[in-house]
$ cat run.pdb   # PDB, C-alpha atoms
ATOM      1  CA  MET A  99      59.039  48.625 131.178  1.00  0.00           C
ATOM      2  CA  GLY A 100      60.289  49.084 134.601  1.00  0.00           C
ATOM      3  CA  VAL A 101      61.797  52.001 136.412  1.00  0.00           C
ATOM      4  CA  SER A 102      65.335  50.849 135.662  1.00  0.00           C
ATOM      5  CA  VAL A 103      64.768  51.012 131.876  1.00  0.00           C
ATOM      6  CA  SER A 104      63.263  54.499 132.111  1.00  0.00           C
ATOM      7  CA  ALA A 105      66.075  55.686 134.398  1.00  0.00           C
ATOM      8  CA  SER A 106      68.794  54.283 132.138  1.00  0.00           C
ATOM      9  CA  THR A 107      67.129  55.876 129.091  1.00  0.00           C
ATOM     10  CA  ALA A 108      67.036  59.210 130.911  1.00  0.00           C
ATOM     11  CA  ILE A 109      70.727  58.864 131.819  1.00  0.00           C
ATOM     12  CA  ILE A 110      71.655  58.076 128.199  1.00  0.00           C
ATOM     13  CA  VAL A 111      69.633  61.037 126.881  1.00  0.00           C
ATOM     14  CA  ALA A 112      71.208  63.345 129.490  1.00  0.00           C
ATOM     15  CA  GLY A 113      74.669  62.055 128.542  1.00  0.00           C
ATOM     16  CA  LEU A 114      74.003  62.655 124.836  1.00  0.00           C
ATOM     17  CA  PHE A 115      72.745  66.158 125.610  1.00  0.00           C
ATOM     18  CA  PHE A 116      75.857  66.909 127.695  1.00  0.00           C
ATOM     19  CA  ALA A 117      78.148  65.485 124.981  1.00  0.00           C
ATOM     20  CA  PHE A 118      76.452  67.592 122.281  1.00  0.00           C
ATOM     21  CA  THR A 119      76.574  70.795 124.345  1.00  0.00           C
ATOM     22  CA  THR A 120      80.304  70.212 124.847  1.00  0.00           C
ATOM     23  CA  PHE A 121      81.064  69.164 121.266  1.00  0.00           C
ATOM     24  CA  TYR A 122      79.213  71.956 119.455  1.00  0.00           C
ATOM     25  CA  PRO A 123      81.205  74.962 120.822  1.00  0.00           C
ATOM     26  CA  VAL A 124      84.507  73.135 120.274  1.00  0.00           C
ATOM     27  CA  ALA A 125      83.616  72.316 116.671  1.00  0.00           C
ATOM     28  CA  SER A 126      82.285  75.818 116.059  1.00  0.00           C
ATOM     29  CA  ASN A 127      85.454  77.462 117.450  1.00  0.00           C
ATOM     30  CA  GLY A 128      87.658  75.119 115.420  1.00  0.00           C
ATOM     31  CA  ILE A 129      85.818  75.916 112.184  1.00  0.00           C
ATOM     32  CA  GLU A 130      85.997  79.644 112.985  1.00  0.00           C
ATOM     33  CA  ARG A 131      89.767  79.488 113.582  1.00  0.00           C
ATOM     34  CA  VAL A 132      90.336  77.619 110.323  1.00  0.00           C
ATOM     35  CA  SER A 133      88.197  80.168 108.483  1.00  0.00           C
ATOM     36  CA  ASP A 134      90.137  83.087 110.033  1.00  0.00           C
ATOM     37  CA  ALA A 135      93.456  81.459 109.115  1.00  0.00           C
ATOM     38  CA  GLN A 136      92.347  80.951 105.512  1.00  0.00           C
ATOM     39  CA  HIS A 137      91.211  84.578 105.385  1.00  0.00           C
ATOM     40  CA  GLY A 138      94.648  85.706 106.633  1.00  0.00           C
ATOM     41  CA  VAL A 139      96.422  83.566 104.025  1.00  0.00           C
ATOM     42  CA  ASN A 140      94.240  85.051 101.293  1.00  0.00           C
ATOM     43  CA  GLU A 141      94.913  88.610 102.528  1.00  0.00           C
ATOM     44  CA  ARG A 142      98.695  88.043 102.506  1.00  0.00           C
ATOM     45  CA  ALA A 143      98.516  86.490  99.039  1.00  0.00           C
ATOM     46  CA  LEU A 144      96.557  89.493  97.758  1.00  0.00           C
ATOM     47  CA  GLU A 145      99.115  91.847  99.306  1.00  0.00           C
ATOM     48  CA  ARG A 146     101.973  89.939  97.637  1.00  0.00           C
ATOM     49  CA  GLN A 147     100.119  90.007  94.331  1.00  0.00           C
ATOM     50  CA  ASN A 148      99.637  93.789  94.516  1.00  0.00           C
ATOM     51  CA  THR A 149     103.242  94.457  95.591  1.00  0.00           C
ATOM     52  CA  ASP A 150     105.652  95.166  92.789  1.00  0.00           C
ATOM     53  CA  PHE A 151     108.883  97.124  92.796  1.00  0.00           C
ATOM     54  CA  SER A 152     112.176  97.062  90.960  1.00  0.00           C
ATOM     55  CA  VAL A 153     115.680  97.953  92.004  1.00  0.00           C
ATOM     56  CA  THR A 154     116.618 100.478  89.334  1.00  0.00           C
ATOM     57  CA  SER A 155     120.229 101.038  90.352  1.00  0.00           C
ATOM     58  CA  ALA A 156     122.845 100.084  92.918  1.00  0.00           C
ATOM     59  CA  THR A 157     125.993 102.179  92.915  1.00  0.00           C
ATOM     60  CA  PHE A 158     129.063 102.100  95.142  1.00  0.00           C
ATOM     61  CA  ASN A 159     131.246 105.170  95.508  1.00  0.00           C
ATOM     62  CA  ALA A 160     134.695 103.841  96.410  1.00  0.00           C
ATOM     63  CA  THR A 161     135.914 107.310  97.428  1.00  0.00           C
ATOM     64  CA  THR A 162     133.225 107.934 100.045  1.00  0.00           C
ATOM     65  CA  GLY A 163     132.506 104.284 100.799  1.00  0.00           C
ATOM     66  CA  GLU A 164     128.776 104.796 100.290  1.00  0.00           C
ATOM     67  CA  LEU A 165     126.431 102.344  98.655  1.00  0.00           C
ATOM     68  CA  THR A 166     123.248 103.811  97.163  1.00  0.00           C
ATOM     69  CA  VAL A 167     120.352 101.580  96.140  1.00  0.00           C
ATOM     70  CA  ASN A 168     117.381 103.067  94.257  1.00  0.00           C
ATOM     71  CA  ALA A 169     114.089 101.219  93.826  1.00  0.00           C
ATOM     72  CA  THR A 170     110.760 102.234  92.304  1.00  0.00           C
ATOM     73  CA  ASN A 171     107.443 101.063  93.728  1.00  0.00           C
ATOM     74  CA  GLU A 172     105.419  99.873  90.743  1.00  0.00           C
ATOM     75  CA  GLY A 173     102.629  98.203  92.724  1.00  0.00           C
ATOM     76  CA  SER A 174      99.342  99.389  94.151  1.00  0.00           C
ATOM     77  CA  ILE A 175     100.338  98.759  97.776  1.00  0.00           C
ATOM     78  CA  GLY A 176     102.053 101.398  99.882  1.00  0.00           C
ATOM     79  CA  LEU A 177     105.171 100.047 101.592  1.00  0.00           C
ATOM     80  CA  VAL A 178     107.087 101.095 104.691  1.00  0.00           C
ATOM     81  CA  ALA A 179     110.656 101.962 103.742  1.00  0.00           C
ATOM     82  CA  ASP A 180     112.117 101.206 107.178  1.00  0.00           C
ATOM     83  CA  ASP A 181     110.613  97.697 107.151  1.00  0.00           C
ATOM     84  CA  ALA A 182     112.537  96.716 104.031  1.00  0.00           C
ATOM     85  CA  THR A 183     115.536  94.416 104.235  1.00  0.00           C
ATOM     86  CA  LEU A 184     118.714  94.950 102.252  1.00  0.00           C
ATOM     87  CA  LEU A 185     121.258  92.226 101.585  1.00  0.00           C
ATOM     88  CA  VAL A 186     124.599  93.337 100.213  1.00  0.00           C
ATOM     89  CA  GLY A 187     126.784  90.470  99.052  1.00  0.00           C
ATOM     90  CA  ASN A 188     124.857  88.140 101.434  1.00  0.00           C
ATOM     91  CA  GLU A 189     125.392  90.507 104.383  1.00  0.00           C
ATOM     92  CA  TYR A 190     122.331  91.917 106.187  1.00  0.00           C
ATOM     93  CA  VAL A 191     122.000  95.712 106.356  1.00  0.00           C
ATOM     94  CA  ASP A 192     119.375  97.207 108.684  1.00  0.00           C
ATOM     95  CA  VAL A 193     117.567  99.713 106.463  1.00  0.00           C
ATOM     96  CA  GLY A 194     115.837 101.341 109.428  1.00  0.00           C
ATOM     97  CA  GLY A 195     119.053 101.383 111.480  1.00  0.00           C
ATOM     98  CA  SER A 196     121.658 104.035 112.125  1.00  0.00           C
ATOM     99  CA  ASN A 197     124.068 102.905 109.388  1.00  0.00           C
ATOM    100  CA  ALA A 198     121.557 103.499 106.575  1.00  0.00           C
ATOM    101  CA  ALA A 199     119.512 106.494 105.473  1.00  0.00           C
ATOM    102  CA  THR A 200     116.325 106.266 103.437  1.00  0.00           C
ATOM    103  CA  THR A 201     114.610 108.889 101.333  1.00  0.00           C
ATOM    104  CA  VAL A 202     111.382 108.582  99.360  1.00  0.00           C
ATOM    105  CA  ASP A 203     111.432 110.859  96.312  1.00  0.00           C
ATOM    106  CA  GLY A 204     114.057 112.977  98.080  1.00  0.00           C
ATOM    107  CA  ASP A 205     112.079 113.328 101.331  1.00  0.00           C
ATOM    108  CA  ALA A 206     113.976 111.954 104.336  1.00  0.00           C
ATOM    109  CA  ASP A 207     111.126 112.696 106.769  1.00  0.00           C
ATOM    110  CA  THR A 208     108.757 110.022 105.486  1.00  0.00           C
ATOM    111  CA  ALA A 209     108.928 106.264 105.611  1.00  0.00           C
ATOM    112  CA  LEU A 210     105.817 105.670 103.472  1.00  0.00           C
ATOM    113  CA  TRP A 211     106.779 104.437 100.007  1.00  0.00           C
ATOM    114  CA  LEU A 212     103.740 104.759  97.725  1.00  0.00           C
ATOM    115  CA  GLY A 213     103.220 103.735  94.114  1.00  0.00           C
ATOM    116  CA  ASP A 214     105.404 105.383  91.443  1.00  0.00           C
ATOM    117  CA  GLU A 215     107.751 106.745  94.125  1.00  0.00           C
ATOM    118  CA  THR A 216     111.465 106.039  94.298  1.00  0.00           C
ATOM    119  CA  LEU A 217     113.099 104.776  97.461  1.00  0.00           C
ATOM    120  CA  SER A 218     116.761 105.592  97.895  1.00  0.00           C
ATOM    121  CA  VAL A 219     118.768 103.717 100.526  1.00  0.00           C
ATOM    122  CA  THR A 220     122.247 105.047 101.297  1.00  0.00           C
ATOM    123  CA  VAL A 221     124.525 102.859 103.374  1.00  0.00           C
ATOM    124  CA  GLY A 222     127.672 104.367 104.861  1.00  0.00           C
ATOM    125  CA  GLY A 223     131.085 102.750 105.142  1.00  0.00           C
ATOM    126  CA  THR A 224     129.854 100.160 107.638  1.00  0.00           C
ATOM    127  CA  VAL A 225     129.060  97.457 105.091  1.00  0.00           C
ATOM    128  CA  GLU A 226     130.943  94.373 106.251  1.00  0.00           C
ATOM    129  CA  THR A 227     131.435  92.865 102.830  1.00  0.00           C
ATOM    130  CA  ASP A 228     133.946  93.872 100.180  1.00  0.00           C
ATOM    131  CA  ILE A 229     131.927  95.533  97.457  1.00  0.00           C
ATOM    132  CA  VAL A 230     133.257  94.898  93.992  1.00  0.00           C
ATOM    133  CA  GLY A 231     131.531  96.659  91.111  1.00  0.00           C
ATOM    134  CA  GLY A 232     130.006  94.226  88.636  1.00  0.00           C
ATOM    135  CA  GLU A 233     130.331  91.274  91.049  1.00  0.00           C
ATOM    136  CA  THR A 234     128.458  92.230  94.213  1.00  0.00           C
ATOM    137  CA  ARG A 235     124.676  91.807  94.252  1.00  0.00           C
ATOM    138  CA  VAL A 236     122.171  93.672  96.374  1.00  0.00           C
ATOM    139  CA  VAL A 237     118.759  92.245  97.186  1.00  0.00           C
ATOM    140  CA  LEU A 238     115.939  94.424  98.508  1.00  0.00           C
ATOM    141  CA  VAL A 239     113.097  92.599 100.269  1.00  0.00           C
ATOM    142  CA  VAL A 240     109.888  94.265 101.483  1.00  0.00           C
ATOM    143  CA  GLU A 241     107.670  93.164 104.379  1.00  0.00           C
ATOM    144  CA  SER A 242     105.403  90.977 102.205  1.00  0.00           C
ATOM    145  CA  GLY A 243     108.401  88.904 101.066  1.00  0.00           C
ATOM    146  CA  VAL A 244     108.602  90.273  97.525  1.00  0.00           C
ATOM    147  CA  ARG A 245     112.190  90.914  96.463  1.00  0.00           C
ATOM    148  CA  ASP A 246     114.278  92.260  93.618  1.00  0.00           C
ATOM    149  CA  ALA A 247     118.003  92.236  93.010  1.00  0.00           C
ATOM    150  CA  ALA A 248     120.603  94.211  91.096  1.00  0.00           C
ATOM    151  CA  THR A 249     124.333  94.142  90.506  1.00  0.00           C
ATOM    152  CA  VAL A 250     126.383  96.935  92.038  1.00  0.00           C
ATOM    153  CA  THR A 251     128.164  99.295  89.692  1.00  0.00           C
ATOM    154  CA  GLU A 252     131.154 101.222  90.923  1.00  0.00           C
ATOM    155  CA  VAL A 253     131.367 104.967  90.388  1.00  0.00           C
ATOM    156  CA  SER A 254     134.150 107.389  91.060  1.00  0.00           C
ATOM    157  CA  ALA A 255     133.598 110.648  92.875  1.00  0.00           C
TER     158      ALA A 255
END

$ encode --input "run.pdb" --output "structure tokens"
Amino acid sequence: MGVSVSASTAIIVAGLFFAFTTFYPVASNGIERVSDAQHGVNERALERQNTDFSVTSATFNATTGELTVNATNEGSIGLVADDATLLVGNEYVDVGGSNAATTVDGDADTALWLGDETLSVTVGGTVETDIVGGETRVVLVVESGVRDAATVTEVSA
């Protein structure tokens, strides 16, 4: 074996070493990102599984023009009332906005909606849709994507 064979072998070994030292961190980071993503998916699925609530009533007072939606948190996850989304007859209502007021078990100073507590959302006369008792549906959606719906009943003052 001459010098050229030894030199070319050394170059090949150095190239393989360089390729491995470049490949290993890339593969390790890729596997770590996939693992973190799967962990996040599992956490969100667990949160959805532990979230349960029901819209107990949706009433519209035609005299005052107020819509009141009551929902009870029946799950083991605490929810944020202002992060909920309310759809009234396919029209979006910002629950945390100025046109709606939320109370949790009668307390307007908290936004934390824990288990076995009742959330009450009152929307003033700014609802863009025509609310008809017995025909209009309301859908309440929480931040994990769990939703429940009810039909609006009309009450007189």

$ resolve_selection --input "run.pdb" --expression "the PyMOL selection byres ((chain A and resi 244) around 9)" --output "short mmCIF file (atom, residue, chain, number, x, y, z; two decimals) with C-alpha atoms, in the coordinates of the input"
data_model
loop_
_atom_site.label_atom_id
_atom_site.label_comp_id
_atom_site.auth_asym_id
_atom_site.auth_seq_id
_atom_site.Cartn_x
_atom_site.Cartn_y
_atom_site.Cartn_z
CA ARG A 146 101.97 89.94 97.64
CA THR A 149 103.24 94.46 95.59
CA ASP A 150 105.65 95.17 92.79
CA PHE A 151 108.88 97.12 92.80
CA LEU A 238 115.94 94.42 98.51
CA VAL A 239 113.10 92.60 100.27
CA VAL A 240 109.89 94.26 101.48
CA GLU A 241 107.67 93.16 104.38
CA SER A 242 105.40 90.98 102.20
CA GLY A 243 108.40 88.90 101.07
CA ARG A 245 112.19 90.91 96.46
CA ASP A 246 114.28 92.26 93.62
#

$ resolve_selection --input "run.pdb" --expression "the PyMOL selection byres ((chain A and resi 170-185) around 9)" --output "ChimeraX atom specification"
/A:145-154,168-169,186-195,200-202,208-219,235-241

$ closest_residue --input "run.pdb" --among "A:Ser104, A:Ser133, A:Thr166, A:Thr119" --to "A:Glu252" --atoms "all atoms listed in the file"
A:Thr166

$ atom_distance --input "run.pdb" --atom1 "atom CA of A:Ser254" --atom2 "atom CA of A:Leu165"
11.9 Å

$ atom_distance --input "run.pdb" --atom1 "atom CA of A:Gly128" --atom2 "atom CA of A:Ile110"
26.6 Å

$ closest_residue --input "run.pdb" --among "A:Asn127, A:Thr234, A:Thr251, A:Asn197" --to "A:Ala156" --atoms "all atoms listed in the file"
A:Thr251

$ atom_distance --input "run.pdb" --atom1 "atom CA of A:Ala143" --atom2 "atom CA of A:Arg131"
18.4 Å

$ closest_residue --input "run.pdb" --among "A:Thr157, A:Ala125, A:Thr220, A:Ala135" --to "A:Ala206" --atoms "all atoms listed in the file"
A:Thr220

$ axis_aligned_box --input "run.pdb" --around "stretch 209-225 of chain A" --padding-each-side "8 Å" --output "lines of an AutoDock Vina configuration file"
center_x = 117.2
center_y = 102.1
center_z = 99.5
size_x = 43.9
size_y = 25.3
size_z = 32.2
